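Undergrad: The file below is protein_16.tsv, TSV, C-alpha atoms:
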chain	number	residue	atom	x	y	z
A	7	MET	CA	22.96	-12.57	-68.75
A	8	SER	CA	23.57	-13.40	-65.08
A	9	CYS	CA	23.65	-16.99	-63.90
A	10	ALA	CA	20.83	-18.27	-61.69
A	11	ILE	CA	22.39	-21.65	-60.85
A	12	ALA	CA	25.81	-23.06	-61.67
A	13	PHE	CA	27.24	-26.45	-60.79
A	14	GLU	CA	30.99	-26.33	-61.28
A	15	HIS	CA	32.66	-29.77	-61.44
A	16	VAL	CA	30.39	-30.98	-58.65
A	17	THR	CA	30.69	-34.45	-57.14
A	18	HIS	CA	28.50	-35.81	-54.36
A	19	ARG	CA	28.87	-39.28	-52.88
A	20	TYR	CA	26.53	-41.16	-50.59
A	21	PRO	CA	27.96	-44.04	-48.55
A	22	HIS	CA	26.62	-46.58	-51.04
A	23	ALA	CA	27.16	-44.77	-54.35
A	24	THR	CA	28.31	-41.69	-56.23
A	25	ALA	CA	25.13	-39.73	-56.99
A	26	VAL	CA	26.68	-36.83	-58.93
A	27	ASP	CA	30.00	-37.26	-60.70
A	28	ASP	CA	31.94	-34.16	-61.87
A	29	VAL	CA	28.85	-32.33	-63.18
A	30	SER	CA	29.05	-28.83	-64.64
A	31	LEU	CA	25.76	-27.18	-65.58
A	32	ARG	CA	24.42	-23.64	-65.80
A	33	VAL	CA	20.87	-22.33	-65.59
A	34	GLU	CA	20.73	-18.76	-66.83
A	35	ALA	CA	18.42	-16.11	-65.42
A	36	GLY	CA	14.86	-16.66	-66.66
A	37	GLU	CA	15.70	-20.06	-68.16
A	38	THR	CA	13.83	-23.34	-67.55
A	39	VAL	CA	16.00	-26.46	-67.61
A	40	ALA	CA	14.50	-29.94	-67.34
A	41	LEU	CA	16.54	-32.77	-65.81
A	42	ILE	CA	15.60	-36.25	-66.94
A	43	GLY	CA	17.02	-39.73	-66.66
A	44	PRO	CA	16.49	-43.14	-65.06
A	45	SER	CA	15.96	-43.54	-61.32
A	46	GLY	CA	19.15	-43.03	-59.34
A	47	CYS	CA	20.88	-41.02	-62.07
A	48	GLY	CA	21.51	-38.03	-59.79
A	49	LYS	CA	18.90	-35.53	-60.93
A	50	SER	CA	17.18	-35.09	-57.52
A	51	THR	CA	20.57	-34.85	-55.81
A	52	LEU	CA	21.40	-31.89	-58.06
A	53	LEU	CA	18.30	-30.10	-56.74
A	54	LYS	CA	19.32	-30.89	-53.16
A	55	LEU	CA	22.77	-29.49	-53.87
A	56	ALA	CA	21.25	-26.29	-55.28
A	57	ALA	CA	19.10	-25.92	-52.15
A	58	GLY	CA	22.02	-26.54	-49.82
A	59	LEU	CA	20.41	-29.66	-48.38
A	60	VAL	CA	23.51	-31.71	-49.18
A	61	TRP	CA	27.05	-30.52	-49.87
A	62	PRO	CA	29.46	-31.55	-52.62
A	63	GLN	CA	32.66	-33.36	-51.74
A	64	GLN	CA	34.20	-31.68	-54.78
A	65	GLY	CA	33.34	-28.60	-56.80
A	66	SER	CA	31.06	-25.68	-56.00
A	67	VAL	CA	27.43	-24.67	-56.39
A	68	VAL	CA	26.50	-21.08	-57.25
A	69	VAL	CA	22.95	-19.78	-56.75
A	70	THR	CA	22.00	-16.24	-57.84
A	71	ASP	CA	25.70	-15.42	-58.31
A	72	ARG	CA	26.60	-16.55	-54.79
A	73	THR	CA	28.69	-19.64	-54.03
A	74	LEU	CA	26.81	-21.74	-51.48
A	75	ALA	CA	28.61	-22.03	-48.16
A	76	PRO	CA	27.53	-22.82	-44.58
A	77	ASP	CA	27.61	-19.14	-43.62
A	78	ASN	CA	25.22	-18.02	-46.38
A	79	VAL	CA	23.03	-21.05	-47.07
A	80	LEU	CA	20.06	-19.93	-44.93
A	81	GLU	CA	19.93	-16.50	-46.55
A	82	THR	CA	20.36	-18.02	-50.02
A	83	ARG	CA	17.50	-20.46	-49.45
A	84	ARG	CA	15.17	-17.48	-49.11
A	85	ARG	CA	15.87	-16.80	-52.80
A	86	ILE	CA	14.83	-20.35	-53.70
A	87	GLY	CA	11.40	-21.94	-54.03
A	88	TYR	CA	11.42	-25.74	-53.66
A	89	VAL	CA	8.54	-28.07	-54.55
A	90	ILE	CA	8.68	-31.86	-54.15
A	91	GLN	CA	6.46	-34.60	-55.56
A	92	SER	CA	4.26	-35.07	-52.51
A	93	GLY	CA	4.00	-31.32	-51.89
A	94	GLY	CA	5.67	-31.63	-48.49
A	95	LEU	CA	2.92	-29.77	-46.65
A	96	PHE	CA	2.72	-29.92	-42.86
A	97	PRO	CA	-0.46	-31.93	-42.17
A	98	HIS	CA	-1.20	-30.17	-38.86
A	99	LEU	CA	-1.23	-26.70	-40.48
A	100	SER	CA	-3.96	-25.24	-42.67
A	101	ALA	CA	-3.13	-24.44	-46.28
A	102	VAL	CA	-2.72	-20.74	-45.55
A	103	ASP	CA	-0.49	-21.45	-42.55
A	104	ASN	CA	1.68	-23.70	-44.73
A	105	VAL	CA	1.95	-20.95	-47.34
A	106	THR	CA	2.84	-18.20	-44.86
A	107	LEU	CA	5.10	-20.16	-42.50
A	108	ALA	CA	8.42	-18.69	-43.70
A	109	ALA	CA	7.04	-15.15	-43.97
A	110	ARG	CA	5.70	-15.32	-40.42
A	111	PHE	CA	9.01	-16.72	-39.17
A	112	LEU	CA	10.79	-13.77	-40.80
A	113	LYS	CA	8.25	-11.40	-39.17
A	114	ARG	CA	6.97	-9.89	-42.39
A	115	GLU	CA	4.16	-7.39	-41.91
A	116	ARG	CA	0.72	-8.95	-41.49
A	117	ASP	CA	-0.84	-6.81	-44.24
A	118	TRP	CA	1.94	-7.75	-46.67
A	119	ILE	CA	1.43	-11.44	-45.93
A	120	ALA	CA	-2.35	-11.19	-46.41
A	121	GLN	CA	-1.98	-9.37	-49.73
A	122	ARG	CA	0.66	-11.82	-50.94
A	123	VAL	CA	-1.62	-14.78	-50.18
A	124	VAL	CA	-4.42	-13.20	-52.22
A	125	GLU	CA	-2.05	-12.59	-55.15
A	126	LEU	CA	-0.65	-16.12	-55.08
A	127	ALA	CA	-4.04	-17.81	-54.76
A	128	GLU	CA	-5.13	-15.97	-57.89
A	129	LEU	CA	-1.86	-16.79	-59.64
A	130	VAL	CA	-2.10	-20.56	-59.06
A	131	GLN	CA	-5.92	-20.58	-59.36
A	132	LEU	CA	-6.63	-21.95	-55.90
A	133	PRO	CA	-10.14	-21.29	-54.51
A	134	ARG	CA	-10.09	-19.01	-51.46
A	135	ASP	CA	-12.04	-21.47	-49.33
A	136	ALA	CA	-9.33	-24.09	-49.87
A	137	LEU	CA	-6.86	-21.93	-47.94
A	138	GLU	CA	-8.59	-22.68	-44.64
A	139	ARG	CA	-8.55	-26.45	-45.15
A	140	PHE	CA	-5.91	-28.85	-43.91
A	141	PRO	CA	-3.84	-30.81	-46.47
A	142	GLY	CA	-5.78	-34.01	-45.77
A	143	ASN	CA	-8.95	-32.25	-46.93
A	144	LEU	CA	-7.49	-31.02	-50.23
A	145	SER	CA	-7.29	-32.81	-53.56
A	146	GLY	CA	-3.88	-33.78	-54.93
A	147	GLY	CA	-3.97	-30.91	-57.40
A	148	GLN	CA	-4.91	-28.43	-54.68
A	149	ARG	CA	-2.09	-29.64	-52.45
A	150	GLN	CA	0.40	-29.04	-55.25
A	151	ARG	CA	-1.02	-25.55	-55.84
A	152	VAL	CA	-0.61	-24.80	-52.13
A	153	SER	CA	2.95	-26.12	-52.25
A	154	LEU	CA	3.65	-23.89	-55.25
A	155	MET	CA	2.20	-20.90	-53.39
A	156	ARG	CA	4.49	-21.65	-50.45
A	157	SER	CA	7.51	-21.84	-52.75
A	158	LEU	CA	6.63	-18.44	-54.27
A	159	MET	CA	5.72	-16.67	-51.02
A	160	LEU	CA	9.02	-14.81	-50.63
A	161	ASP	CA	9.24	-14.09	-54.39
A	162	PRO	CA	12.33	-16.24	-55.00
A	163	ALA	CA	14.56	-15.82	-58.03
A	164	VAL	CA	14.92	-19.59	-58.50
A	165	LEU	CA	12.41	-22.46	-58.48
A	166	LEU	CA	13.48	-26.07	-57.89
A	167	LEU	CA	10.77	-28.57	-58.81
A	168	ASP	CA	11.34	-32.26	-58.08
A	169	GLU	CA	8.73	-34.25	-60.04
A	170	PRO	CA	6.01	-31.90	-58.75
A	171	LEU	CA	3.26	-33.58	-60.81
A	172	GLY	CA	4.40	-37.18	-60.61
A	173	ALA	CA	1.85	-38.32	-58.01
A	174	LEU	CA	-1.20	-36.82	-59.72
A	175	ASP	CA	-3.76	-38.59	-61.89
A	176	PRO	CA	-3.43	-37.90	-65.65
A	177	MET	CA	-6.28	-35.38	-66.01
A	178	VAL	CA	-5.18	-33.30	-63.02
A	179	ARG	CA	-1.59	-33.55	-64.15
A	180	HIS	CA	-2.40	-32.30	-67.65
A	181	GLY	CA	-4.27	-29.28	-66.29
A	182	LEU	CA	-1.43	-28.39	-63.92
A	183	GLN	CA	1.14	-28.76	-66.69
A	184	GLU	CA	-0.69	-26.12	-68.70
A	185	ASP	CA	-1.01	-23.85	-65.65
A	186	LEU	CA	2.64	-24.27	-64.66
A	187	ARG	CA	3.96	-23.46	-68.12
A	188	ARG	CA	1.85	-20.30	-68.26
A	189	LEU	CA	3.08	-19.41	-64.77
A	190	PHE	CA	6.74	-19.88	-65.76
A	191	GLU	CA	6.25	-17.64	-68.78
A	192	ARG	CA	4.44	-15.00	-66.74
A	193	LEU	CA	6.89	-14.85	-63.82
A	194	GLY	CA	10.15	-15.24	-65.73
A	195	LYS	CA	11.73	-17.23	-62.90
A	196	SER	CA	14.77	-19.44	-63.32
A	197	VAL	CA	13.51	-23.02	-63.08
A	198	LEU	CA	15.33	-26.33	-62.61
A	199	LEU	CA	12.77	-29.10	-63.05
A	200	VAL	CA	13.19	-32.84	-62.45
A	201	THR	CA	10.89	-35.24	-64.26
A	202	HIS	CA	11.01	-38.89	-65.32
A	203	ASP	CA	8.82	-38.16	-68.36
A	204	MET	CA	10.46	-37.03	-71.62
A	205	ALA	CA	7.20	-35.62	-72.97
A	206	GLU	CA	6.78	-33.51	-69.84
A	207	ALA	CA	10.37	-32.30	-70.07
A	208	ALA	CA	9.81	-31.24	-73.69
A	209	PHE	CA	6.51	-29.56	-72.76
A	210	PHE	CA	8.16	-27.35	-70.15
A	211	SER	CA	11.51	-26.61	-71.73
A	212	ARG	CA	13.65	-26.58	-74.85
A	213	ASN	CA	16.62	-27.17	-72.54
A	214	ILE	CA	16.64	-30.86	-71.61
A	215	VAL	CA	19.51	-32.44	-69.67
A	216	LEU	CA	19.68	-36.23	-69.80
A	217	MET	CA	21.63	-37.90	-66.99
A	218	ARG	CA	22.91	-41.40	-66.30
A	219	ASP	CA	25.03	-42.70	-63.40
A	220	GLY	CA	25.60	-39.24	-61.97
A	221	LYS	CA	26.83	-37.71	-65.23
A	222	ILE	CA	25.30	-35.53	-67.92
A	223	VAL	CA	25.02	-37.55	-71.12
A	224	GLN	CA	23.52	-34.88	-73.37
A	225	ARG	CA	21.97	-31.44	-73.20
A	226	GLY	CA	19.74	-30.06	-75.93
A	227	THR	CA	16.21	-29.86	-77.28
A	228	TYR	CA	13.92	-32.85	-77.66
A	229	ARG	CA	14.72	-32.87	-81.38
A	230	ASP	CA	18.46	-32.84	-80.60
A	231	LEU	CA	18.10	-35.96	-78.47
A	232	ILE	CA	16.09	-37.69	-81.19
A	233	ASP	CA	18.05	-36.59	-84.26
A	234	THR	CA	21.62	-36.39	-82.93
A	235	PRO	CA	21.97	-38.65	-79.89
A	236	ALA	CA	25.35	-38.25	-78.21
A	237	GLU	CA	25.66	-41.99	-77.53
A	238	PRO	CA	23.57	-45.18	-77.86
A	239	PHE	CA	22.05	-44.73	-74.38
A	240	VAL	CA	20.31	-41.52	-75.52
A	241	ASN	CA	18.64	-43.32	-78.40
A	242	GLU	CA	17.64	-46.21	-76.11
A	243	PHE	CA	16.19	-43.85	-73.52
A	244	VAL	CA	14.15	-41.89	-76.08
A	245	LYS	CA	12.86	-45.09	-77.68
A	246	ALA	CA	11.86	-46.48	-74.27
A	247	GLN	CA	9.95	-43.29	-73.46
A	248	ARG	CA	8.16	-43.36	-76.83
A	249	GLY	CA	7.37	-47.03	-76.29
A	250	LEU	CA	5.83	-46.35	-72.88
A	251	HIS	CA	3.54	-43.66	-74.32
A	252	ALA	CA	2.57	-45.88	-77.25
A	253	GLU	CA	1.75	-48.77	-74.91
A	254	ALA	CA	-0.37	-46.48	-72.78
A	255	LEU	CA	-2.31	-45.31	-75.83
A	256	ASP	CA	-2.82	-48.87	-77.07
A	257	ALA	CA	-3.89	-50.24	-73.68
What is this structure when it is put down as structure tokens?

TA:
Amino acid sequence: MSCAIAFEHVTHRYPHATAVDDVSLRVEAGETVALIGPSGCGKSTLLKLAAGLVWPQQGSVVVTDRTLAPDNVLETRRRIGYVIQSGGLFPHLSAVDNVTLAARFLKRERDWIAQRVVELAELVQLPRDALERFPGNLSGGQRQRVSLMRSLMLDPAVLLLDEPLGALDPMVRHGLQEDLRRLFERLGKSVLLVTHDMAEAAFFSRNIVLMRDGKIVQRGTYRDLIDTPAEPFVNEFVKAQRGLHAEALDA
């Protein structure tokens, strides 16, 4: 099986801290891997490294069997779909113009673009009339669906999702979780997903990577983390997550 993403002994430092510290991690073709951990543990920086938005001081990053480098990063990004928590839509562009921006820049044929928009709107279950609205006139769930359409426009091999549902209210979030999981199964893309929620990580993937202080602490299924924690921090993290959900239910 070919490798979709590989971090090979990657270290990235910001002026104030080391965000990723000698991390090695593979995401195989068609696999969904969920990154989880406390704030500042390095999970979002890993996504930025995979997208070529920041560069490692040590190690290498491989995306679709190509080592990222300044001379190939723009071409490689066209194989990547990237969705952030807020959606990242341009507020002065309509939904359809946000979705088609990259395709129009690359001068794809107008008929191809139009057909692709129809396919994607059906895929993410976005009403056609929403495509003509501006982001400020869309609901949070609709904005995330538009952002997902934009990430899929060029049919990328890899999807990078950085807490894509974190800003949504619980009912909308639950519905999008169901839709996203069905979409992952249908498309067979390679997905690297960041979330702060253990339950969400387990919902999307059997492959959970728990991070702390820029390092991978444990990789495995949800049951692995519960039954065979690699160190006390894993047990503490799982208990804290369970406690948060229990408190929410009791409130």

Undergrad: For Leu198 of chain A, list every protein, DNA or RNA residue within 12 Å, evaluated using only C-alpha atoms, and leave out those in the same chain fewer than 6 positions away; present the list as a PyMOL selection string.

TA: chain A and resi 10-12+31-42+49-50+52-57+69+86-89+163-170+190+207+210-211+213-215

Undergrad: Tell me which residues come within 8 Å of (3.4, -18.6, -57.4), as a ChimeraX atom specification, counting all atoms listed in the file in the file's coordinates.

TA: /A:126-127,129-130,154-159,161,189

Undergrad: Using all atoms listed in the file, can you tell me which of A:Arg139, A:Arg110, A:Arg19, A:His202 comes closest to Gln91 of chain A?

TA: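 For Gln91 of chain A, the nearest of the candidates is A:His202.
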
Undergrad: With the input short on atoms, add N, CA and C atoms back to segment 27-58 of chain A and write it as a compact mmCIF listing (two decimals), in the frame of the given file.

TA:
# COMPACT_ATOMS: atom_id res chain seq x y z
N ASP A 27 28.60 -36.99 -60.40
CA ASP A 27 30.00 -37.26 -60.70
C ASP A 27 30.57 -36.21 -61.65
N ASP A 28 31.25 -35.20 -61.08
CA ASP A 28 31.94 -34.16 -61.87
C ASP A 28 30.98 -33.48 -62.86
N VAL A 29 29.87 -32.97 -62.34
CA VAL A 29 28.85 -32.33 -63.18
C VAL A 29 29.07 -30.81 -63.22
N SER A 30 29.06 -30.28 -64.42
CA SER A 30 29.05 -28.83 -64.64
C SER A 30 27.81 -28.48 -65.45
N LEU A 31 27.03 -27.54 -64.93
CA LEU A 31 25.76 -27.18 -65.58
C LEU A 31 25.37 -25.79 -65.15
N ARG A 32 24.88 -25.00 -66.10
CA ARG A 32 24.42 -23.64 -65.80
C ARG A 32 22.94 -23.49 -66.15
N VAL A 33 22.24 -22.76 -65.31
CA VAL A 33 20.87 -22.33 -65.59
C VAL A 33 20.89 -20.82 -65.59
N GLU A 34 20.66 -20.22 -66.74
CA GLU A 34 20.73 -18.76 -66.83
C GLU A 34 19.47 -18.12 -66.26
N ALA A 35 19.55 -16.84 -65.97
CA ALA A 35 18.42 -16.11 -65.42
C ALA A 35 17.22 -16.19 -66.37
N GLY A 36 16.07 -16.57 -65.86
CA GLY A 36 14.86 -16.66 -66.66
C GLY A 36 14.73 -17.93 -67.48
N GLU A 37 15.69 -18.84 -67.37
CA GLU A 37 15.70 -20.06 -68.16
C GLU A 37 15.05 -21.21 -67.40
N THR A 38 14.35 -22.09 -68.12
CA THR A 38 13.83 -23.34 -67.55
C THR A 38 14.64 -24.49 -68.12
N VAL A 39 15.22 -25.28 -67.22
CA VAL A 39 16.00 -26.46 -67.61
C VAL A 39 15.34 -27.68 -66.99
N ALA A 40 15.12 -28.70 -67.80
CA ALA A 40 14.50 -29.94 -67.34
C ALA A 40 15.55 -31.04 -67.24
N LEU A 41 15.65 -31.63 -66.05
CA LEU A 41 16.54 -32.77 -65.81
C LEU A 41 15.75 -34.05 -65.96
N ILE A 42 16.29 -34.99 -66.72
CA ILE A 42 15.60 -36.25 -66.94
C ILE A 42 16.61 -37.39 -66.96
N GLY A 43 16.14 -38.58 -66.66
CA GLY A 43 17.02 -39.73 -66.66
C GLY A 43 16.43 -40.84 -65.82
N PRO A 44 17.01 -42.02 -65.83
CA PRO A 44 16.49 -43.14 -65.06
C PRO A 44 16.62 -42.89 -63.56
N SER A 45 15.89 -43.66 -62.78
CA SER A 45 15.96 -43.54 -61.32
C SER A 45 17.39 -43.74 -60.86
N GLY A 46 17.81 -42.92 -59.89
CA GLY A 46 19.15 -43.03 -59.34
C GLY A 46 20.24 -42.40 -60.17
N CYS A 47 19.86 -41.60 -61.19
CA CYS A 47 20.88 -41.02 -62.07
C CYS A 47 21.51 -39.76 -61.49
N GLY A 48 20.92 -39.20 -60.42
CA GLY A 48 21.51 -38.03 -59.79
C GLY A 48 20.74 -36.74 -59.94
N LYS A 49 19.61 -36.78 -60.64
CA LYS A 49 18.90 -35.53 -60.93
C LYS A 49 18.32 -34.88 -59.66
N SER A 50 17.73 -35.67 -58.76
CA SER A 50 17.18 -35.09 -57.52
C SER A 50 18.29 -34.61 -56.60
N THR A 51 19.44 -35.30 -56.62
CA THR A 51 20.57 -34.85 -55.81
C THR A 51 21.07 -33.49 -56.27
N LEU A 52 21.03 -33.21 -57.57
CA LEU A 52 21.40 -31.89 -58.06
C LEU A 52 20.51 -30.81 -57.46
N LEU A 53 19.20 -31.07 -57.36
CA LEU A 53 18.30 -30.10 -56.74
C LEU A 53 18.65 -29.90 -55.27
N LYS A 54 18.95 -31.00 -54.57
CA LYS A 54 19.32 -30.89 -53.16
C LYS A 54 20.61 -30.09 -52.98
N LEU A 55 21.54 -30.27 -53.91
CA LEU A 55 22.77 -29.49 -53.87
C LEU A 55 22.49 -28.00 -54.09
N ALA A 56 21.59 -27.68 -55.01
CA ALA A 56 21.25 -26.29 -55.28
C ALA A 56 20.55 -25.64 -54.09
N ALA A 57 19.81 -26.45 -53.33
CA ALA A 57 19.10 -25.92 -52.15
C ALA A 57 19.96 -25.94 -50.90
N GLY A 58 21.17 -26.46 -50.99
CA GLY A 58 22.02 -26.54 -49.82
C GLY A 58 21.57 -27.57 -48.81
